[in-house]
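This report concerns only the one structure given below.
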Amino acid sequence: MRTIDWNDDSNSIVMIDQTLLPMEYKVIECKTLASLCEAIKSLRVRGAPALGAAGAYGIALAAILSSASDMEALIKDLNVAAKIIIATRPTAVNLAWGVERTISAISDAYDLNGIKDVVLAEAKNIADEDVATNKKLGKHGAKLLEDGDTVMTHCNAGKMACVDWGTALGVIRSAVEAGKDIKVIACETRPLNQGGRITTWELIQDNIDVTLISDSMSGHVMSKGMVDKVIVGADRITGDAVFNKIGTYTHSVLAREHEIPFFVAAPISTFDPNNWEDTVTIEQRDADELRFFKDVQIAPADVKVYNPAFDATPMENVTAVITEKGVFYPPFLLDELLA
Ligand code: MRU
């Protein structure tokens, strides 16, 4: 199934609970806005494009659950829901993009039920488009990979971070589909281990050769000539920086030092022309993510913790950005790219 989907029978959002992977594969249902927000905050659904779909479906859910009896009251309810959803995770711009695009669809509706219909239809469009976008992006990016390449990736920018196929892993999947022999080095991605738990799980299912390393090994494997290219996803791309999972910046510096191409794969919906690196809010996560591993304590329970979920990689460290519109080499003007 898709990572996240809409169930027409129960009027609810269904998703694979990613916090349980790879030990357990469980599909959960969100029937209320509160349960969706909990799922986003706790990373049951995660990854920028998947969050775009989650935000869009969240507005559809809010419309269906609203008891408003006229259009004005319903629109008010949806704007309140939009604020609540967007506040769950501040860095991945796709979340706000999915919410806002769905809200914009309201202008095509003429009555109360019309609003409910158009927002659900728009949310479904967003989810469908994500799959098509990733396939296009994958084909563009696959041309950058050569037969025999070993590609390092960080976090999970695969099917589970999107509705399907993936961005960084989508490029790898498209290259493999084109007959290229590609090996992957997956960085563990502390503290929540999206690389170790989810990227490796996805690639093993697709029979793509994958080796897991801890994040601190990336410099070592690059210096030993074990990495031909790095590909990561993105949570937000401003004119000057790429925001992605914490640790991405470190890999970019190491890649530059070792003259290894550093690619970012992301849909156009991840670009943010309204911000610069210093105006983006980086999500700070709970201290216990570093003090505990699940239920096991791994640091003093009262130790001070700094736990940003994302970092910013300056555009100078990026060889190219792979999108559904093609491959772009910095320096580029965001406005021209988005036109
Ligand atoms: O905190 P997460 O797991 O939502 O972070 C996800 C990432 O950083 C991904 O690399 C990014 O969203 C790109 S996903 C195609």
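Following the order of the structure tokens, chains are lettered A, B, ..., residues in each are numbered from 1, and ligands are numbered from 1.
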
Exercise for review: Name all residues at most 9 Å from range 300-314 of chain A (count only C-alpha atoms; drop same-chain ones fewer than 3 positions away) and give them as a ChimeraX atom specification.
Suggested key: /A:91,191,235,240-250,252-253,277,282-292,297,317-318

Give me, as a Markdown table, each residue of chain A that comes within 6 Å of ligand 1, together with its shortest interatomic pair and the distance in Å at one decimal, counting only C-alpha atoms and all ligand atoms, with rows ordered by chain and rising residue number.
| residue | atom | partner | partner_atom_place_in_ligand_line | distance |
| --- | --- | --- | --- | --- |
| A:Arg46 | CA | ligand 1 | 4 (O) | 4.0 |
| A:Gly47 | CA | ligand 1 | 12 (O) | 3.5 |
| A:Ala48 | CA | ligand 1 | 12 (O) | 3.8 |
| A:Pro49 | CA | ligand 1 | 15 (C) | 5.9 |
| A:Cys155 | CA | ligand 1 | 10 (O) | 5.2 |
| A:Asn156 | CA | ligand 1 | 10 (O) | 5.4 |
| A:Ala157 | CA | ligand 1 | 15 (C) | 3.7 |
| A:Gly158 | CA | ligand 1 | 15 (C) | 6.0 |
| A:Ala161 | CA | ligand 1 | 14 (S) | 4.7 |
| A:Cys162 | CA | ligand 1 | 15 (C) | 5.8 |
| A:Gly166 | CA | ligand 1 | 15 (C) | 5.9 |
| A:Thr167 | CA | ligand 1 | 15 (C) | 5.0 |
| A:Gly233 | CA | ligand 1 | 13 (C) | 3.9 |
| A:Ala234 | CA | ligand 1 | 13 (C) | 4.2 |
| A:Asp235 | CA | ligand 1 | 12 (O) | 4.5 |
| A:Asn244 | CA | ligand 1 | 8 (O) | 4.4 |
| A:Lys245 | CA | ligand 1 | 8 (O) | 3.6 |

Selected residues written out with all heavy atoms, as a tab-separated table (two decimals), in the first residue's frame:
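And here is the file that came out, result.tsv:
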chain	number	residue	atom	x	y	z
A	46	ARG	N	6.10	10.63	8.25
A	46	ARG	CA	7.24	11.55	8.28
A	46	ARG	C	7.82	11.64	6.87
A	46	ARG	O	7.44	10.88	5.98
A	46	ARG	CB	8.30	11.04	9.27
A	46	ARG	CG	8.59	9.55	9.09
A	46	ARG	CD	9.97	9.15	9.39
A	46	ARG	NE	10.92	9.76	8.49
A	46	ARG	CZ	11.18	9.34	7.26
A	46	ARG	NH1	10.54	8.31	6.72
A	46	ARG	NH2	12.07	9.96	6.50
A	47	GLY	N	8.78	12.56	6.70
A	47	GLY	CA	9.36	12.78	5.38
A	47	GLY	C	8.54	13.87	4.69
A	47	GLY	O	7.30	13.84	4.73
A	48	ALA	N	9.23	14.81	4.06
A	48	ALA	CA	8.56	16.02	3.57
A	48	ALA	C	7.37	15.73	2.64
A	48	ALA	O	6.25	16.20	2.90
A	48	ALA	CB	9.58	16.94	2.90
A	49	PRO	N	7.53	14.96	1.55
A	49	PRO	CA	6.37	14.77	0.66
A	49	PRO	C	5.22	14.02	1.33
A	49	PRO	O	4.05	14.33	1.09
A	49	PRO	CB	6.96	13.98	-0.51
A	49	PRO	CG	8.42	14.31	-0.49
A	49	PRO	CD	8.77	14.41	0.96
A	155	CYS	N	19.26	9.47	6.36
A	155	CYS	CA	17.86	9.46	6.76
A	155	CYS	C	17.07	8.54	5.83
A	155	CYS	O	17.62	7.58	5.27
A	155	CYS	CB	17.29	10.88	6.76
A	155	CYS	SG	15.70	11.01	7.63
A	156	ASN	N	15.80	8.80	5.65
A	156	ASN	CA	15.01	8.03	4.70
A	156	ASN	C	14.31	9.01	3.77
A	156	ASN	O	13.44	9.78	4.21
A	156	ASN	CB	13.97	7.14	5.38
A	156	ASN	CG	13.04	6.51	4.35
A	156	ASN	OD1	11.94	7.01	4.13
A	156	ASN	ND2	13.47	5.46	3.70
A	157	ALA	N	14.72	9.01	2.51
A	157	ALA	CA	14.05	9.80	1.47
A	157	ALA	C	13.53	8.81	0.44
A	157	ALA	O	13.73	8.94	-0.76
A	157	ALA	CB	15.01	10.81	0.86
A	158	GLY	N	12.86	7.81	0.95
A	158	GLY	CA	12.35	6.73	0.10
A	158	GLY	C	10.85	6.77	-0.01
A	158	GLY	O	10.20	7.79	0.25
A	161	ALA	N	8.98	8.10	2.92
A	161	ALA	CA	9.01	9.55	3.17
A	161	ALA	C	8.10	10.29	2.20
A	161	ALA	O	7.96	11.50	2.28
A	161	ALA	CB	10.44	10.06	3.02
A	162	CYS	N	7.51	9.53	1.28
A	162	CYS	CA	6.66	10.12	0.24
A	162	CYS	C	5.37	9.30	0.22
A	162	CYS	O	5.14	8.46	1.08
A	162	CYS	CB	7.37	10.00	-1.12
A	162	CYS	SG	9.00	10.79	-1.15
A	166	GLY	N	9.68	7.54	-3.69
A	166	GLY	CA	10.78	8.21	-2.99
A	166	GLY	C	11.49	9.24	-3.85
A	166	GLY	O	11.32	9.28	-5.07
A	167	THR	N	12.29	10.08	-3.19
A	167	THR	CA	13.07	11.10	-3.91
A	167	THR	C	14.51	10.60	-4.08
A	167	THR	O	14.86	10.10	-5.14
A	167	THR	CB	13.00	12.46	-3.17
A	167	THR	OG1	13.46	12.27	-1.82
A	167	THR	CG2	11.60	13.01	-3.16
A	233	GLY	N	17.57	13.65	0.44
A	233	GLY	CA	16.33	14.37	0.17
A	233	GLY	C	16.41	15.76	0.78
A	233	GLY	O	17.49	16.22	1.17
A	234	ALA	N	15.28	16.43	0.88
A	234	ALA	CA	15.26	17.76	1.50
A	234	ALA	C	13.90	18.01	2.13
A	234	ALA	O	12.88	17.51	1.67
A	234	ALA	CB	15.53	18.84	0.46
A	235	ASP	N	13.94	18.80	3.19
A	235	ASP	CA	12.70	19.22	3.86
A	235	ASP	C	12.29	20.62	3.45
A	235	ASP	O	11.12	21.00	3.57
A	235	ASP	CB	12.88	19.15	5.38
A	235	ASP	CG	12.91	17.70	5.82
A	235	ASP	OD1	14.00	17.11	5.83
A	235	ASP	OD2	11.82	17.16	6.07
A	244	ASN	N	17.72	19.57	5.65
A	244	ASN	CA	17.42	18.13	5.65
A	244	ASN	C	17.82	17.58	7.02
A	244	ASN	O	18.33	18.30	7.89
A	244	ASN	CB	18.18	17.43	4.51
A	244	ASN	CG	17.67	16.02	4.28
A	244	ASN	OD1	16.48	15.78	4.17
A	244	ASN	ND2	18.57	15.05	4.22
A	245	LYS	N	17.59	16.30	7.20
A	245	LYS	CA	17.82	15.64	8.49
A	245	LYS	C	19.18	16.00	9.07
A	245	LYS	O	20.18	16.05	8.35
A	245	LYS	CB	17.69	14.13	8.29
A	245	LYS	CG	17.92	13.26	9.49
A	245	LYS	CD	17.08	13.66	10.70
A	245	LYS	CE	15.59	13.67	10.43
A	245	LYS	NZ	14.82	14.33	11.52

Practice item. Tell me, as a list in words, which residues lie within 10 Å of range 109-115 of chain A, counting only C-alpha atoms; anything in the same chain fewer than 4 positions away does not count. Key: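 Listed by chain and then number, they are Ala60, Ala63, Ile64, Ala68, Ser69, Asp70, Met71, Glu72, Ala73, Leu74, Ile75, Ile103, Ala105, Val119, Leu120 and Ala121 of chain A.
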
Using only C-alpha atoms, determine which residues lie at most 9 Å from range 210-215 of chain A, disregarding the query and same-chain residues fewer than 5 positions distant; provide the list as a compact mmCIF listing (two decimals) with C-alpha atoms, in the first residue's frame.
# COMPACT_ATOMS: atom_id res chain seq x y z
CA HIS A 154 21.16 9.82 4.92
CA LYS A 183 25.03 -0.25 -4.21
CA VAL A 184 23.85 1.89 -1.31
CA ILE A 185 25.48 2.93 1.94
CA ALA A 186 22.76 3.97 4.39
CA CYS A 187 23.69 6.19 7.33
CA GLU A 188 21.93 5.16 10.52
CA THR A 189 20.56 8.69 11.21
CA ARG A 190 20.59 9.11 14.96
CA GLY A 195 18.24 5.31 7.84
CA GLY A 196 18.94 2.20 9.88
CA THR A 199 15.93 2.98 4.32
CA THR A 200 17.58 -0.42 4.79
CA LEU A 203 16.03 -1.40 -0.08
CA ILE A 204 16.20 -4.99 1.16
CA GLY A 247 23.82 15.21 9.88
CA HIS A 251 28.14 14.67 5.01

Exercise for review: Go through A:Leu192, A:Ala39, A:Ile198, A:Ala178 and flag the residue nearest Lys294 in chain A, using only C-alpha atoms for the distances.
Suggested key: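 Selected residue with least distance to Lys294 in chain A: A:Leu192.
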
Check your understanding: Smallest atom-to-atom distance to Ser12 in chain A: which of A:Lys31, A:Lys229, A:Lys224, A:Arg197, using only C-alpha atoms?
Key ->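 Nearest to Ser12 in chain A: A:Lys31.
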
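Considering only C-alpha atoms, the residue among A:Ala56, A:Glu146, A:Pro261, A:Asp295 positioned nearest to Tyr329 in chain A is A:Pro261.
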
Exercise for review: Skip Val280 in chain A itself and residues of its chain fewer than 4 positions away, then list as number ranges by chain all residues within 10 Å of it, counting only C-alpha atoms.
Suggested key: A: 90-93, 236, 238, 243, 272, 274-276, 312

**Study point:** For CA of Met15 in chain A and CA of Glu29 in chain A, the interatomic separation in Å (one decimal)
**Key:**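 Taking CA of Met15 in chain A and CA of Glu29 in chain A, their separation equals 6.5 Å.
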
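Within the 6 Å cut-off around Leu95 in chain A, using only C-alpha atoms and omitting residues fewer than 3 positions from it on the same chain, the listed residues are A:Leu51, A:Gly52, A:Gly55, A:Gly98.
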
Check your understanding: When you draw a straight line from CA of Asn125 in chain A to CA of Glu100 in chain A, how long is it in Å?
Key ->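 Calculated distance between CA of Asn125 in chain A and CA of Glu100 in chain A is 13.7 Å.
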
Practice item. Return the single residue from A:Asp130, A:Asp228, A:Asp117, A:Asp77 that is closest to Ala266 in chain A, with distances computed using only C-alpha atoms. Key: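 For Ala266 in chain A, the nearest of the given residues is A:Asp130.
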
Could you go through range 170-234 of chain A and tell me which residues DSSP, when run on the backbone, assigns to strand (DSSP E), listing them as a compact mmCIF listing (two decimals) with C-alpha atoms, in the first residue's frame?
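The result, written out as states08.txt:
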# COMPACT_ATOMS: atom_id res chain seq x y z
CA LYS A 183 25.03 -0.25 -4.21
CA VAL A 184 23.85 1.89 -1.31
CA ILE A 185 25.48 2.93 1.94
CA ALA A 186 22.76 3.97 4.39
CA CYS A 187 23.69 6.19 7.33
CA VAL A 210 22.57 -1.90 1.03
CA THR A 211 25.17 -1.56 3.79
CA LEU A 212 24.34 0.17 7.06
CA ILE A 213 26.89 2.46 8.72
CA LYS A 229 28.09 9.83 -4.93
CA VAL A 230 25.91 11.12 -2.10
CA ILE A 231 22.17 11.62 -2.60
CA VAL A 232 19.87 13.01 0.07

Check your understanding: Which of these residues is nearest to Lys139 in chain A, using only C-alpha atoms: A:Gly326, A:Gly219, A:Gly58, A:Pro267?
Key ->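 That would be A:Gly326, the residue with the smallest distance to Lys139 in chain A.
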
Point to revise | Residue contacts of Val14 in chain A (7 Å, only C-alpha atoms) excluding same-chain residues fewer than 6 positions away, as a ChimeraX atom specification | key: /A:4-7,27-30

**Study point:** Selected residue of minimal separation from Ala96 in chain A among A:Ser269, A:Gln205, A:Ser10, A:Asn134, counting only C-alpha atoms
**Key:**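 Selected residue with least distance to Ala96 in chain A: A:Ser269.
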
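Note that the spacing between CA of Arg44 in chain A and CA of Asp17 in chain A amounts to 4.6 Å.
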